[in-house]
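Shown next: input-v1.cif, given as mmCIF, C-alpha atoms.
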```cif
data_data
loop_
_atom_site.label_atom_id
_atom_site.label_comp_id
_atom_site.auth_asym_id
_atom_site.auth_seq_id
_atom_site.Cartn_x
_atom_site.Cartn_y
_atom_site.Cartn_z
CA MET U 1 92.73 129.43 110.00
CA VAL U 2 89.53 128.21 111.66
CA PRO U 3 89.15 127.44 115.38
CA HIS U 4 91.10 124.33 116.37
CA LYS U 5 87.94 122.37 117.27
CA ALA U 6 86.54 122.89 113.76
CA THR U 7 89.71 121.78 111.95
CA PRO U 8 88.84 118.04 111.79
CA HIS U 9 85.42 118.82 110.33
CA PHE U 10 86.87 120.95 107.53
CA LEU U 11 89.40 118.25 106.66
CA THR U 12 86.64 115.63 106.68
CA PHE U 13 84.60 117.75 104.28
CA ALA U 14 87.68 118.11 102.07
CA ALA U 15 88.20 114.32 102.07
CA VAL U 16 84.61 113.70 100.99
CA PHE U 17 84.87 116.27 98.18
CA VAL U 18 88.08 114.64 96.94
CA ALA U 19 86.46 111.20 97.00
CA LEU U 20 83.51 112.47 94.93
CA ALA U 21 85.58 114.44 92.39
CA VAL U 22 85.89 111.82 89.63
CA PRO U 23 82.49 110.12 90.18
CA SER U 24 80.96 113.61 89.80
CA LEU U 25 81.81 113.34 86.09
CA ALA U 26 78.36 111.75 85.89
CA PHE U 27 77.00 115.31 86.20
CA GLY U 28 79.48 117.00 83.85
CA ARG U 29 83.19 117.74 83.51
CA ALA U 30 82.94 121.00 85.44
CA MET U 31 81.99 119.13 88.60
CA VAL U 32 85.54 117.78 88.92
CA GLY U 33 86.81 121.34 89.27
CA VAL U 34 84.01 122.28 91.67
CA THR U 35 84.60 119.37 94.07
CA LEU U 36 88.39 119.73 94.05
CA GLY U 37 88.07 123.50 94.47
CA LEU U 38 85.86 123.05 97.53
CA ALA U 39 88.32 120.54 98.97
CA PHE U 40 91.23 122.96 98.46
CA LEU U 41 89.36 125.82 100.14
CA ALA U 42 88.48 123.63 103.12
CA ILE U 43 92.13 122.65 103.51
CA LEU U 44 93.26 126.28 103.28
CA PHE U 45 91.03 127.13 106.21
CA ALA U 46 92.11 124.23 108.39
CA ALA U 47 95.60 122.98 107.55
CA PRO U 48 99.11 124.33 108.35
CA ILE U 49 100.06 125.26 104.78
CA LYS U 50 103.78 125.95 105.23
CA GLN U 51 104.34 122.78 107.24
CA ILE U 52 102.59 120.61 104.65
CA VAL U 53 104.44 122.16 101.70
CA SER U 54 107.79 121.80 103.49
CA GLU U 55 107.12 118.16 104.35
CA MET U 56 105.87 117.36 100.85
CA THR U 57 108.80 118.95 99.01
CA GLY U 58 111.24 117.35 101.44
CA ARG U 59 110.14 113.91 100.28
CA MET U 60 110.92 114.57 96.60
CA SER U 61 114.08 112.93 95.28
CA ARG U 62 116.64 115.11 93.54
CA PRO U 63 116.45 113.27 90.18
CA PHE U 64 112.67 113.71 90.18
CA VAL U 65 112.90 117.43 91.00
CA LEU U 66 115.54 117.96 88.31
CA LEU U 67 113.52 116.10 85.69
CA LEU U 68 110.38 117.99 86.69
CA GLY U 69 112.24 121.29 86.26
CA VAL U 70 113.57 120.25 82.86
CA VAL U 71 110.07 119.28 81.71
CA ALA U 72 108.61 122.57 82.96
CA VAL U 73 111.17 124.61 81.02
CA ALA U 74 111.26 122.42 77.90
CA SER U 75 107.46 122.35 77.59
CA ALA U 76 107.40 126.16 77.61
CA VAL U 77 109.92 126.62 74.78
CA ASN U 78 107.24 126.23 72.12
CA ILE U 79 104.98 128.98 73.50
CA PRO U 80 106.58 131.94 71.62
CA PHE U 81 106.25 129.95 68.37
CA SER U 82 102.69 128.81 68.99
CA LEU U 83 99.83 129.31 66.55
CA ARG U 84 97.84 130.49 69.60
CA ILE U 85 100.28 131.87 72.17
CA GLY U 86 97.61 132.61 74.79
CA LEU U 87 96.06 129.17 74.46
CA SER U 88 99.43 127.43 74.76
CA PHE U 89 100.44 129.44 77.81
CA GLU U 90 97.09 128.64 79.43
CA ALA U 91 97.55 124.88 78.77
CA TRP U 92 101.11 124.97 80.15
CA ALA U 93 100.27 127.00 83.26
CA ARG U 94 97.07 125.07 84.00
CA THR U 95 98.87 121.72 83.87
CA TRP U 96 101.49 122.79 86.43
CA LEU U 97 98.88 124.50 88.59
CA LEU U 98 96.76 121.32 88.67
CA LEU U 99 99.82 119.24 89.47
CA GLY U 100 100.74 121.48 92.40
CA LEU U 101 97.25 121.93 93.84
CA ILE U 102 96.17 118.29 93.61
CA SER U 103 99.43 116.98 95.06
CA PHE U 104 99.03 119.47 97.93
CA VAL U 105 95.41 118.45 98.54
CA CYS U 106 96.20 114.71 98.56
CA PHE U 107 99.22 115.09 100.81
CA SER U 108 97.23 117.29 103.21
CA LEU U 109 94.65 114.52 103.57
CA LYS U 110 96.99 111.55 103.97
CA ASP U 111 95.59 110.98 107.48
CA ARG U 112 92.08 110.67 106.01
CA LEU U 113 92.81 108.36 103.12
CA GLU U 114 90.69 105.56 104.57
CA LEU U 115 87.64 107.84 104.48
CA ILE U 116 88.48 108.96 100.94
CA PHE U 117 88.84 105.41 99.65
CA LYS U 118 85.61 104.22 101.27
CA VAL U 119 83.53 107.14 100.02
CA MET U 120 85.14 106.80 96.59
CA ALA U 121 84.36 103.07 96.45
CA VAL U 122 80.69 103.61 97.31
CA ALA U 123 80.40 106.53 94.87
CA PHE U 124 82.09 104.46 92.15
CA LEU U 125 79.60 101.60 92.61
CA CYS U 126 76.60 103.95 92.59
CA VAL U 127 77.74 105.84 89.50
CA VAL U 128 78.57 102.68 87.55
CA ALA U 129 75.19 101.20 88.43
CA LEU U 130 73.49 104.43 87.31
CA ASN U 131 75.48 104.39 84.06
CA LEU U 132 74.47 100.80 83.38
CA TYR U 133 70.83 101.67 84.08
CA GLN U 134 70.95 104.59 81.64
CA LEU U 135 72.51 102.33 79.01
CA HIS U 136 69.72 99.77 79.21
CA VAL U 137 66.72 102.04 79.88
CA ASP U 138 67.54 105.42 78.35
CA HIS U 139 70.16 104.17 75.85
CA LYS U 140 72.53 106.93 76.97
CA VAL U 141 76.23 106.21 76.53
CA ASN U 142 78.64 108.15 78.77
CA LYS U 143 82.08 106.94 77.67
CA LEU U 144 83.75 109.96 79.25
CA LEU U 145 82.52 108.85 82.68
CA LEU U 146 83.68 105.27 82.10
CA ASN U 147 87.10 106.47 80.99
CA GLY U 148 87.43 108.68 84.06
CA LEU U 149 86.36 105.88 86.41
CA LEU U 150 88.92 103.61 84.78
CA LEU U 151 91.75 105.22 86.78
CA LEU U 152 89.78 104.76 90.01
CA LEU U 153 89.14 101.06 89.41
CA PRO U 154 92.48 99.87 90.88
CA ILE U 155 91.89 102.14 93.90
CA VAL U 156 88.47 100.55 94.52
CA VAL U 157 90.07 97.11 94.29
CA TYR U 158 92.84 98.26 96.63
CA GLN U 159 90.24 99.37 99.19
CA SER U 160 88.41 96.03 99.09
CA VAL U 161 91.64 94.02 99.41
CA LYS U 162 92.98 96.27 102.17
CA ASP U 163 89.81 96.11 104.28
CA ARG U 164 88.97 92.45 103.56
CA THR U 165 85.59 92.60 105.31
CA PRO U 166 82.61 91.05 103.47
CA LEU U 167 81.07 94.50 102.95
CA TRP U 168 84.06 96.08 101.19
CA VAL U 169 85.03 92.95 99.31
CA GLY U 170 81.45 92.86 98.05
CA VAL U 171 81.62 96.50 97.02
CA GLY U 172 84.87 95.84 95.17
CA VAL U 173 83.62 92.77 93.35
CA ALA U 174 80.31 94.41 92.41
CA SER U 175 82.15 97.50 91.15
CA VAL U 176 84.44 95.46 88.90
CA VAL U 177 81.62 93.32 87.51
CA LEU U 178 79.30 96.27 86.82
CA TYR U 179 82.14 98.28 85.29
CA ILE U 180 83.02 95.45 82.89
CA LEU U 181 79.35 95.11 81.90
CA ALA U 182 79.09 98.87 81.32
CA VAL U 183 82.24 98.88 79.18
CA LEU U 184 81.04 95.96 77.06
CA ASP U 185 77.54 97.41 76.65
CA SER U 186 78.87 100.85 75.67
CA GLN U 187 81.54 99.29 73.40
CA SER U 188 84.22 101.49 74.97
CA LYS U 189 87.33 99.96 73.40
CA VAL U 190 89.73 102.29 75.21
CA SER U 191 88.30 101.38 78.62
CA LEU U 192 88.59 97.70 77.74
CA LEU U 193 92.20 98.24 76.69
CA GLY U 194 92.82 100.08 79.96
CA MET U 195 91.51 97.15 81.98
CA ALA U 196 93.73 94.77 80.00
CA ILE U 197 96.80 96.93 80.72
CA MET U 198 95.81 97.26 84.37
CA MET U 199 95.31 93.54 84.90
CA SER U 200 98.48 92.55 83.04
CA ALA U 201 100.64 95.01 84.97
CA GLY U 202 99.10 94.21 88.34
CA ILE U 203 99.35 90.43 88.00
CA ALA U 204 102.86 90.55 86.51
CA LEU U 205 104.28 92.79 89.24
CA PHE U 206 102.51 90.95 92.04
CA SER U 207 103.88 87.66 90.69
CA LEU U 208 107.42 89.06 90.49
CA SER U 209 107.24 90.14 94.12
CA ARG U 210 105.85 86.82 95.43
CA PHE U 211 107.15 84.05 93.16
CA SER U 212 110.33 83.09 91.37
CA LYS U 213 111.16 84.79 88.08
CA LYS U 214 110.27 81.70 86.06
CA GLN U 215 106.91 81.34 87.78
CA ALA U 216 106.20 85.06 87.38
CA ILE U 217 107.04 84.95 83.68
CA LEU U 218 104.78 81.95 83.13
CA ILE U 219 101.90 83.63 84.97
CA ALA U 220 102.40 86.90 83.06
CA VAL U 221 102.54 85.11 79.69
CA ALA U 222 99.37 83.16 80.51
CA VAL U 223 97.48 86.30 81.55
CA VAL U 224 98.60 88.28 78.49
CA ALA U 225 97.72 85.36 76.20
CA VAL U 226 94.20 85.16 77.63
CA LEU U 227 93.69 88.93 77.35
CA VAL U 228 95.06 89.10 73.80
CA ALA U 229 92.87 86.18 72.74
CA THR U 230 89.82 87.82 74.30
CA LEU U 231 90.48 91.14 72.57
CA ALA U 232 91.21 89.42 69.26
CA TRP U 233 87.84 87.64 69.55
CA TRP U 234 85.81 90.69 70.65
CA LEU U 235 87.30 93.61 68.69
CA PRO U 236 86.63 92.44 65.08
CA GLY U 237 82.92 92.51 65.84
CA GLN U 238 83.06 96.14 66.97
CA LEU U 239 84.19 97.83 63.75
CA TYR U 240 83.09 101.37 62.91
CA SER U 241 81.35 101.61 59.55
CA SER U 242 84.15 103.78 58.12
CA SER U 243 86.72 101.16 59.13
CA ALA U 244 84.69 98.31 57.63
CA GLU U 245 84.37 100.16 54.31
CA ASN U 246 88.11 100.90 54.05
CA MET U 247 89.69 97.87 55.74
CA SER U 248 91.68 96.88 52.63
CA MET U 249 93.62 100.16 52.54
CA THR U 250 95.61 100.08 55.78
CA PRO U 251 98.79 98.27 56.85
CA VAL U 252 97.43 97.85 60.41
CA PRO U 253 94.19 95.83 60.79
CA VAL U 254 91.25 98.18 61.39
CA TRP U 255 89.87 95.93 64.14
CA LEU U 256 93.04 96.65 66.11
CA ILE U 257 93.31 100.40 65.36
CA ASP U 258 90.34 101.96 63.63
CA PHE U 259 90.91 103.56 60.22
CA HIS U 260 90.12 107.08 61.41
CA ARG U 261 92.85 107.00 64.06
CA GLN U 262 95.34 105.68 61.54
CA LEU U 263 94.55 108.63 59.27
CA ILE U 264 94.87 111.12 62.15
CA TRP U 265 98.21 109.68 63.27
CA THR U 266 99.54 109.68 59.70
CA PHE U 267 98.58 113.33 59.34
CA GLY U 268 100.03 114.14 62.77
CA PHE U 269 103.39 112.57 62.01
CA GLU U 270 103.60 114.41 58.70
CA LEU U 271 102.71 117.69 60.43
CA PHE U 272 105.39 117.02 63.06
CA GLN U 273 108.03 116.86 60.33
CA ALA U 274 107.17 120.45 59.35
CA SER U 275 108.29 121.72 62.79
CA PRO U 276 110.13 118.88 64.55
CA TRP U 277 111.83 120.88 67.31
CA VAL U 278 109.21 123.25 68.76
CA GLY U 279 105.96 122.07 67.18
CA PHE U 280 103.02 124.41 66.73
CA GLY U 281 102.14 125.20 70.35
CA LEU U 282 100.64 123.29 73.26
CA ASN U 283 96.97 122.54 72.59
CA ALA U 284 97.21 124.59 69.38
CA SER U 285 98.22 122.19 66.58
CA ASN U 286 94.58 121.74 65.53
CA TYR U 287 94.64 125.43 64.48
CA HIS U 288 97.15 124.68 61.73
CA PRO U 289 95.60 125.47 58.29
CA LEU U 290 96.08 121.89 57.09
CA ALA U 291 94.26 120.53 60.14
CA ASN U 292 90.94 121.83 58.84
CA GLN U 293 91.45 120.35 55.39
CA PRO U 294 89.04 117.47 54.62
CA VAL U 295 90.60 114.02 54.90
CA THR U 296 89.53 113.19 51.36
CA GLU U 297 91.52 116.18 50.03
CA TYR U 298 94.61 115.77 52.17
CA PHE U 299 94.99 112.04 51.43
CA ALA U 300 93.67 112.22 47.87
CA GLY U 301 95.17 109.41 45.83
CA ARG U 302 96.77 107.63 48.80
CA PHE U 303 93.84 105.70 50.30
CA GLY U 304 91.38 105.24 47.46
CA SER U 305 87.90 106.69 47.82
CA LEU U 306 87.92 106.99 51.65
CA SER U 307 84.26 106.12 52.06
CA GLY U 308 82.60 107.70 55.08
CA PHE U 309 85.12 110.54 55.47
CA GLU U 310 83.64 113.14 53.15
CA ASN U 311 83.07 115.75 55.89
CA ILE U 312 85.86 114.76 58.30
CA THR U 313 88.83 117.09 58.84
CA ALA U 314 92.44 115.87 58.88
CA LEU U 315 92.85 116.67 62.60
CA PRO U 316 89.50 116.89 64.43
CA SER U 317 90.11 118.35 67.92
CA HIS U 318 93.21 116.40 68.96
CA PRO U 319 95.33 113.48 67.65
CA HIS U 320 93.88 110.78 69.99
CA ASN U 321 97.43 109.90 71.05
CA TRP U 322 99.34 111.82 73.73
CA LEU U 323 102.72 111.08 72.12
CA VAL U 324 101.65 112.30 68.68
CA GLU U 325 99.95 115.30 70.29
CA MET U 326 103.05 116.21 72.27
CA LEU U 327 105.25 115.89 69.17
CA ILE U 328 103.16 118.20 67.02
CA ASP U 329 102.38 120.59 69.88
CA GLY U 330 105.78 120.90 71.54
CA GLY U 331 108.19 119.15 69.20
CA LEU U 332 111.12 117.00 70.31
CA ILE U 333 112.26 119.64 72.81
CA ALA U 334 109.09 119.16 74.86
CA THR U 335 108.43 115.49 74.13
CA LEU U 336 111.73 113.85 75.04
CA PRO U 337 111.88 115.25 78.62
CA VAL U 338 108.26 114.17 79.21
CA VAL U 339 109.04 110.63 78.03
CA MET U 340 112.11 110.59 80.27
CA LEU U 341 110.07 111.74 83.29
CA VAL U 342 107.33 109.16 82.72
CA THR U 343 109.93 106.40 82.30
CA TYR U 344 111.76 107.48 85.44
CA VAL U 345 108.57 107.54 87.54
CA VAL U 346 107.46 104.08 86.38
CA VAL U 347 110.90 102.43 86.66
CA ALA U 348 111.63 103.97 90.08
CA SER U 349 108.19 102.92 91.35
CA VAL U 350 108.60 99.36 90.09
CA ARG U 351 112.00 99.06 91.76
CA ARG U 352 110.63 100.41 95.03
CA TYR U 353 107.61 98.11 94.85
CA LEU U 354 109.74 95.00 94.33
CA THR U 355 111.64 95.99 97.47
CA THR U 356 108.72 97.04 99.68
CA GLN U 357 105.80 95.05 98.16
CA SER U 358 103.63 98.06 98.97
CA ALA U 359 100.04 97.68 97.77
CA CYS U 360 99.84 101.48 97.43
CA LEU U 361 102.81 101.50 95.06
CA LEU U 362 101.39 98.61 93.03
CA THR U 363 98.13 100.53 92.63
CA PHE U 364 100.09 103.68 91.73
CA ILE U 365 101.98 101.80 89.00
CA MET U 366 98.75 100.39 87.60
CA VAL U 367 97.34 103.93 87.40
CA GLN U 368 100.47 105.14 85.58
CA LEU U 369 100.50 102.37 82.99
CA THR U 370 96.75 102.63 82.41
CA TYR U 371 96.85 106.42 81.98
CA TRP U 372 99.81 106.55 79.60
CA GLY U 373 98.72 103.37 77.82
CA THR U 374 95.14 104.40 77.09
CA GLY U 375 96.38 107.90 76.26
CA LEU U 376 98.08 106.39 73.22
CA PHE U 377 94.65 105.69 71.72
CA ASN U 378 92.37 108.42 73.03
CA PHE U 379 92.01 111.66 74.97
CA SER U 380 93.77 114.98 74.63
CA PHE U 381 96.77 115.38 76.89
CA TRP U 382 95.48 118.88 77.69
CA SER U 383 91.94 117.91 78.77
CA THR U 384 91.52 119.36 82.26
CA TRP U 385 89.23 116.58 83.53
CA TRP U 386 91.62 113.88 82.30
CA GLN U 387 94.69 115.53 83.84
CA ALA U 388 92.85 116.10 87.13
CA THR U 389 91.72 112.45 87.26
CA TYR U 390 95.26 111.23 86.64
CA PHE U 391 96.89 113.54 89.17
CA LEU U 392 94.25 112.72 91.79
CA ALA U 393 94.52 108.93 91.42
CA SER U 394 98.33 109.11 91.38
CA PHE U 395 98.82 111.37 94.38
CA LEU U 396 96.23 109.59 96.50
CA MET U 397 98.22 106.38 96.16
CA LEU U 398 101.55 108.15 96.67
CA SER U 399 100.14 109.74 99.82
CA GLY U 400 99.02 106.28 100.93
CA TYR U 401 102.53 105.00 100.40
CA VAL U 402 104.00 107.89 102.41
CA ARG U 403 101.49 107.24 105.18
CA SER U 404 102.34 103.53 105.28
CA GLN U 405 106.05 104.36 105.58
CA GLU U 406 105.33 106.72 108.46
CA ASP U 407 103.31 104.04 110.26
#
```
Go through the file and emit its structure as C-alpha cells.
Amino acid sequence: MVPHKATPHFLTFAAVFVALAVPSLAFGRAMVGVTLGLAFLAILFAAPIKQIVSEMTGRMSRPFVLLLGVVAVASAVNIPFSLRIGLSFEAWARTWLLLGLISFVCFSLKDRLELIFKVMAVAFLCVVALNLYQLHVDHKVNKLLLNGLLLLLPIVVYQSVKDRTPLWVGVGVASVVLYILAVLDSQSKVSLLGMAIMMSAGIALFSLSRFSKKQAILIAVAVVAVLVATLAWWLPGQLYSSSAENMSMTPVPVWLIDFHRQLIWTFGFELFQASPWVGFGLNASNYHPLANQPVTEYFAGRFGSLSGFENITALPSHPHNWLVEMLIDGGLIATLPVVMLVTYVVVASVRRYLTTQSACLLTFIMVQLTYWGTGLFNFSFWSTWWQATYFLASFLMLSGYVRSQED
C-alpha cells in the first residue's frame, strides 16, 4: 500500500492506462498488455484488494457463477487429449486469468469511469484520425486496429450522449464519421458488419424500452432493411479475386461470405466430426496433420479447379469463426456450456435493460452482440488482444451499471 495521500494519484494513473489500452493497438498488440499491466500494478499499490474482491464477487448472481464454473471445467476437459497439451493449457489459463484481472481492474476504477471514458473518447478520435491519414498518405491498412476500436465505438457514443455538452457530442460525432470512413477506405467487411449489428441492436432495444411493441418492431424492421440494402449494394463490389474466380462453385454467394471462409468452415466442420466430444485441444486444432494439407488436395474433385488456392492450407491459423473454432478445439463438451453462458448473459442483460433502461446496460449489450457476431466471421477466440478488448469493454460498462445503481 502507498501513503493515503498518494492513493488518488495511483488510481488516476491506472484509469488513464485503462483508457489507452485498446487505442494503443496503433503501436502493436503488445501495448494492450503493457497498459493493462501498468494499470493493475497501480491498483495493487493503492486499492484495498480484499474489500474490492469481496464486493465484486458479492454482486455475482448464482446462475452466472454456476455457469461460469461449468464453462471453466468443461473447457478444460479437452486438454489431456490435445495435440499440444501445453499450448491448450496456456490458452485455457490465460483466458481465465484475463477475465479475472480485467474485471478486477474495471471494478476497482468504477469511481473513475468518467475519466476513463473521456480519455478513451479522445484517444479513439486521435487514433482513428491517424489511421485515416495513414490510409490516404502512406497507404497503410491497419484492420486489426479498426477491429479493436469497434468494441469501443458504443462506449464513445455513450460518453457523448451522457455528457451532452457540445465538446463531447462533437467528439462522438467526429469519431463515428471518421471510423466509418476508415472502415470503408480499408474495406474492412467485418468492421462494417459489426457496426450493422451494433446499430440494429441498439436501435431495436432502445425502441422497445421507449415505444410500444408495434412501433418498436416497425422501427427495427426499417433499420434492418436499410442496413441489409446497404450491405447488399456495397459488398458485391468488394470481392476477393479468389472469390470472383470461383463464385459458381458455392451454395452461399461469395459476396456475402467469401469463398475462402466457406472452404475453411467446411474443413472445420468435417474435422469436428472426427472428434466431436473433446476436439483436438484449445488453440491447437491447426496442428492437426490435415490442417496443413493444401486446399486443392483436400477438396480435390469437390470444387473444380479452385483457382487462386494453390498454396493455401486447409486451415490457415484459425477457422475465422469462434463457434467452429470452439467445436474443433474443445468439442461439444466445451462448446455447449459456452453457448449457454453467452445466451444467459445476453438474455439476462436485455431483461434488466428493459426494466431499468440503463444506458450502461444498453452499451454492454451492444458490445456483447458485436463481439460474438463479428467473431462468427473473423478472429481467433484465443487471440489475447481480442479477448482483452472484449473483457475491457464489457466490464467497464458493467462497472458503470453498478456505479449507477449505487448512486
Option closest in space to Ala121 (chain U), from U:Gly33, U:Gly170, U:Pro63, U:Pro80 [counting only C-alpha atoms]:
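For Ala121 (chain U), the nearest of the given residues is U:Gly170.
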Could you tell me which residues the PyMOL selection byres ((chain U and resi 368) around 10) returns for this structure, as a ChimeraX atom specification?
/U:151,198,342,345-346,349,362-367,369-373,390-391,393-394
Distance query Ser186 (chain U) at most 12 Å, all atoms listed in the file, self and fewer than 3 positions along chain excluded, as a list in words
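Residues meeting the cut-off are Asn131, Leu132, Tyr133, Gln134, Leu135, His136, His139, Lys140, Val141, Asn142, Lys143, Leu144, Leu145, Leu146, Asn147, Tyr179, Ile180, Leu181, Ala182, Val183, Lys189, Val190, Ser191, Leu192 and Gln238 of chain U.
Near Ser61 (chain U), within 12 Å and counting only C-alpha atoms, sit Leu67, Leu68, Tyr344, Val345 and Ala348 of chain U; same-chain residues fewer than 6 positions away were not included.
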Give me the residues of region 65-156 of chain U that have any atom at most 10 Å from an atom of region 260-282 of chain U; for each, the nearest atom pair and the distance in Å, rounded to one decimal. Use all atoms listed in the file, sort by chain and number, and format it as JSON lines.
```
{"residue": "U:Ala74", "atom": "CA", "partner": "U:Val278", "partner_atom": "CA", "distance": 9.4}
{"residue": "U:Ser75", "atom": "CA", "partner": "U:Leu282", "partner_atom": "CA", "distance": 8.1}
{"residue": "U:Ala76", "atom": "CA", "partner": "U:Leu282", "partner_atom": "CA", "distance": 8.5}
{"residue": "U:Val77", "atom": "CA", "partner": "U:Val278", "partner_atom": "CA", "distance": 6.9}
{"residue": "U:Asn78", "atom": "CA", "partner": "U:Val278", "partner_atom": "CA", "distance": 4.9}
{"residue": "U:Ile79", "atom": "CA", "partner": "U:Gly281", "partner_atom": "CA", "distance": 5.7}
{"residue": "U:Pro80", "atom": "CA", "partner": "U:Gly281", "partner_atom": "CA", "distance": 8.2}
{"residue": "U:Phe81", "atom": "CA", "partner": "U:Gly281", "partner_atom": "CA", "distance": 6.6}
{"residue": "U:Ser82", "atom": "CA", "partner": "U:Gly281", "partner_atom": "CA", "distance": 3.9}
{"residue": "U:Leu83", "atom": "CA", "partner": "U:Phe280", "partner_atom": "CA", "distance": 5.8}
{"residue": "U:Arg84", "atom": "CA", "partner": "U:Gly281", "partner_atom": "CA", "distance": 6.9}
{"residue": "U:Ile85", "atom": "CA", "partner": "U:Gly281", "partner_atom": "CA", "distance": 7.2}
{"residue": "U:Gly86", "atom": "CA", "partner": "U:Gly281", "partner_atom": "CA", "distance": 9.8}
{"residue": "U:Leu87", "atom": "CA", "partner": "U:Leu282", "partner_atom": "CA", "distance": 7.5}
{"residue": "U:Ser88", "atom": "CA", "partner": "U:Leu282", "partner_atom": "CA", "distance": 4.6}
{"residue": "U:Phe89", "atom": "CA", "partner": "U:Leu282", "partner_atom": "CA", "distance": 7.7}
{"residue": "U:Glu90", "atom": "CA", "partner": "U:Leu282", "partner_atom": "CA", "distance": 8.9}
{"residue": "U:Ala91", "atom": "CA", "partner": "U:Leu282", "partner_atom": "CA", "distance": 6.5}
{"residue": "U:Trp92", "atom": "CA", "partner": "U:Leu282", "partner_atom": "CA", "distance": 7.1}
```
Coordinates of region 278-328 of chain U, C-alpha atoms, as a PDB file, in the first residue's frame:
```pdb
ATOM      1  CA  VAL U 278     -13.385 -33.269 -26.905  1.00  0.00           C
ATOM      2  CA  GLY U 279     -11.967 -31.808 -30.115  1.00  0.00           C
ATOM      3  CA  PHE U 280      -8.235 -31.516 -30.683  1.00  0.00           C
ATOM      4  CA  GLY U 281      -7.263 -29.053 -27.954  1.00  0.00           C
ATOM      5  CA  LEU U 282      -7.825 -25.360 -27.305  1.00  0.00           C
ATOM      6  CA  ASN U 283      -5.860 -23.273 -29.808  1.00  0.00           C
ATOM      7  CA  ALA U 284      -4.339 -26.492 -31.186  1.00  0.00           C
ATOM      8  CA  SER U 285      -6.627 -27.717 -33.993  1.00  0.00           C
ATOM      9  CA  ASN U 286      -4.443 -26.035 -36.632  1.00  0.00           C
ATOM     10  CA  TYR U 287      -1.716 -28.549 -35.680  1.00  0.00           C
ATOM     11  CA  HIS U 288      -3.805 -31.440 -36.999  1.00  0.00           C
ATOM     12  CA  PRO U 289      -1.987 -33.130 -39.947  1.00  0.00           C
ATOM     13  CA  LEU U 290      -4.878 -32.438 -42.319  1.00  0.00           C
ATOM     14  CA  ALA U 291      -4.829 -28.738 -41.446  1.00  0.00           C
ATOM     15  CA  ASN U 292      -1.555 -28.264 -43.324  1.00  0.00           C
ATOM     16  CA  GLN U 293      -2.798 -30.069 -46.408  1.00  0.00           C
ATOM     17  CA  PRO U 294      -3.249 -27.744 -49.428  1.00  0.00           C
ATOM     18  CA  VAL U 295      -6.856 -26.794 -50.124  1.00  0.00           C
ATOM     19  CA  THR U 296      -6.554 -28.047 -53.694  1.00  0.00           C
ATOM     20  CA  GLU U 297      -5.614 -31.529 -52.410  1.00  0.00           C
ATOM     21  CA  TYR U 298      -8.124 -31.764 -49.587  1.00  0.00           C
ATOM     22  CA  PHE U 299     -11.082 -30.637 -51.724  1.00  0.00           C
ATOM     23  CA  ALA U 300      -9.863 -32.255 -54.950  1.00  0.00           C
ATOM     24  CA  GLY U 301     -12.838 -33.075 -57.142  1.00  0.00           C
ATOM     25  CA  ARG U 302     -15.384 -31.228 -54.998  1.00  0.00           C
ATOM     26  CA  PHE U 303     -14.917 -27.601 -56.070  1.00  0.00           C
ATOM     27  CA  GLY U 304     -13.438 -27.769 -59.548  1.00  0.00           C
ATOM     28  CA  SER U 305     -10.041 -26.196 -60.161  1.00  0.00           C
ATOM     29  CA  LEU U 306     -10.051 -23.883 -57.087  1.00  0.00           C
ATOM     30  CA  SER U 307      -8.241 -21.046 -58.830  1.00  0.00           C
ATOM     31  CA  GLY U 308      -6.131 -18.899 -56.532  1.00  0.00           C
ATOM     32  CA  PHE U 309      -5.760 -21.504 -53.779  1.00  0.00           C
ATOM     33  CA  GLU U 310      -2.720 -23.408 -54.994  1.00  0.00           C
ATOM     34  CA  ASN U 311      -0.564 -22.577 -51.935  1.00  0.00           C
ATOM     35  CA  ILE U 312      -3.310 -22.178 -49.309  1.00  0.00           C
ATOM     36  CA  THR U 313      -3.627 -24.708 -46.478  1.00  0.00           C
ATOM     37  CA  ALA U 314      -6.960 -26.205 -45.399  1.00  0.00           C
ATOM     38  CA  LEU U 315      -6.848 -24.439 -42.013  1.00  0.00           C
ATOM     39  CA  PRO U 316      -4.533 -21.391 -42.018  1.00  0.00           C
ATOM     40  CA  SER U 317      -4.064 -20.214 -38.408  1.00  0.00           C
ATOM     41  CA  HIS U 318      -7.651 -20.406 -37.131  1.00  0.00           C
ATOM     42  CA  PRO U 319     -11.154 -21.071 -38.550  1.00  0.00           C
ATOM     43  CA  HIS U 320     -12.293 -17.391 -38.673  1.00  0.00           C
ATOM     44  CA  ASN U 321     -15.389 -18.358 -36.693  1.00  0.00           C
ATOM     45  CA  TRP U 322     -15.420 -18.691 -32.894  1.00  0.00           C
ATOM     46  CA  LEU U 323     -18.154 -21.349 -32.954  1.00  0.00           C
ATOM     47  CA  VAL U 324     -16.344 -23.541 -35.482  1.00  0.00           C
ATOM     48  CA  GLU U 325     -13.079 -22.968 -33.612  1.00  0.00           C
ATOM     49  CA  MET U 326     -14.610 -23.952 -30.287  1.00  0.00           C
ATOM     50  CA  LEU U 327     -16.154 -27.085 -31.814  1.00  0.00           C
ATOM     51  CA  ILE U 328     -12.924 -28.383 -33.310  1.00  0.00           C
TER      52      ILE U 328
END
```
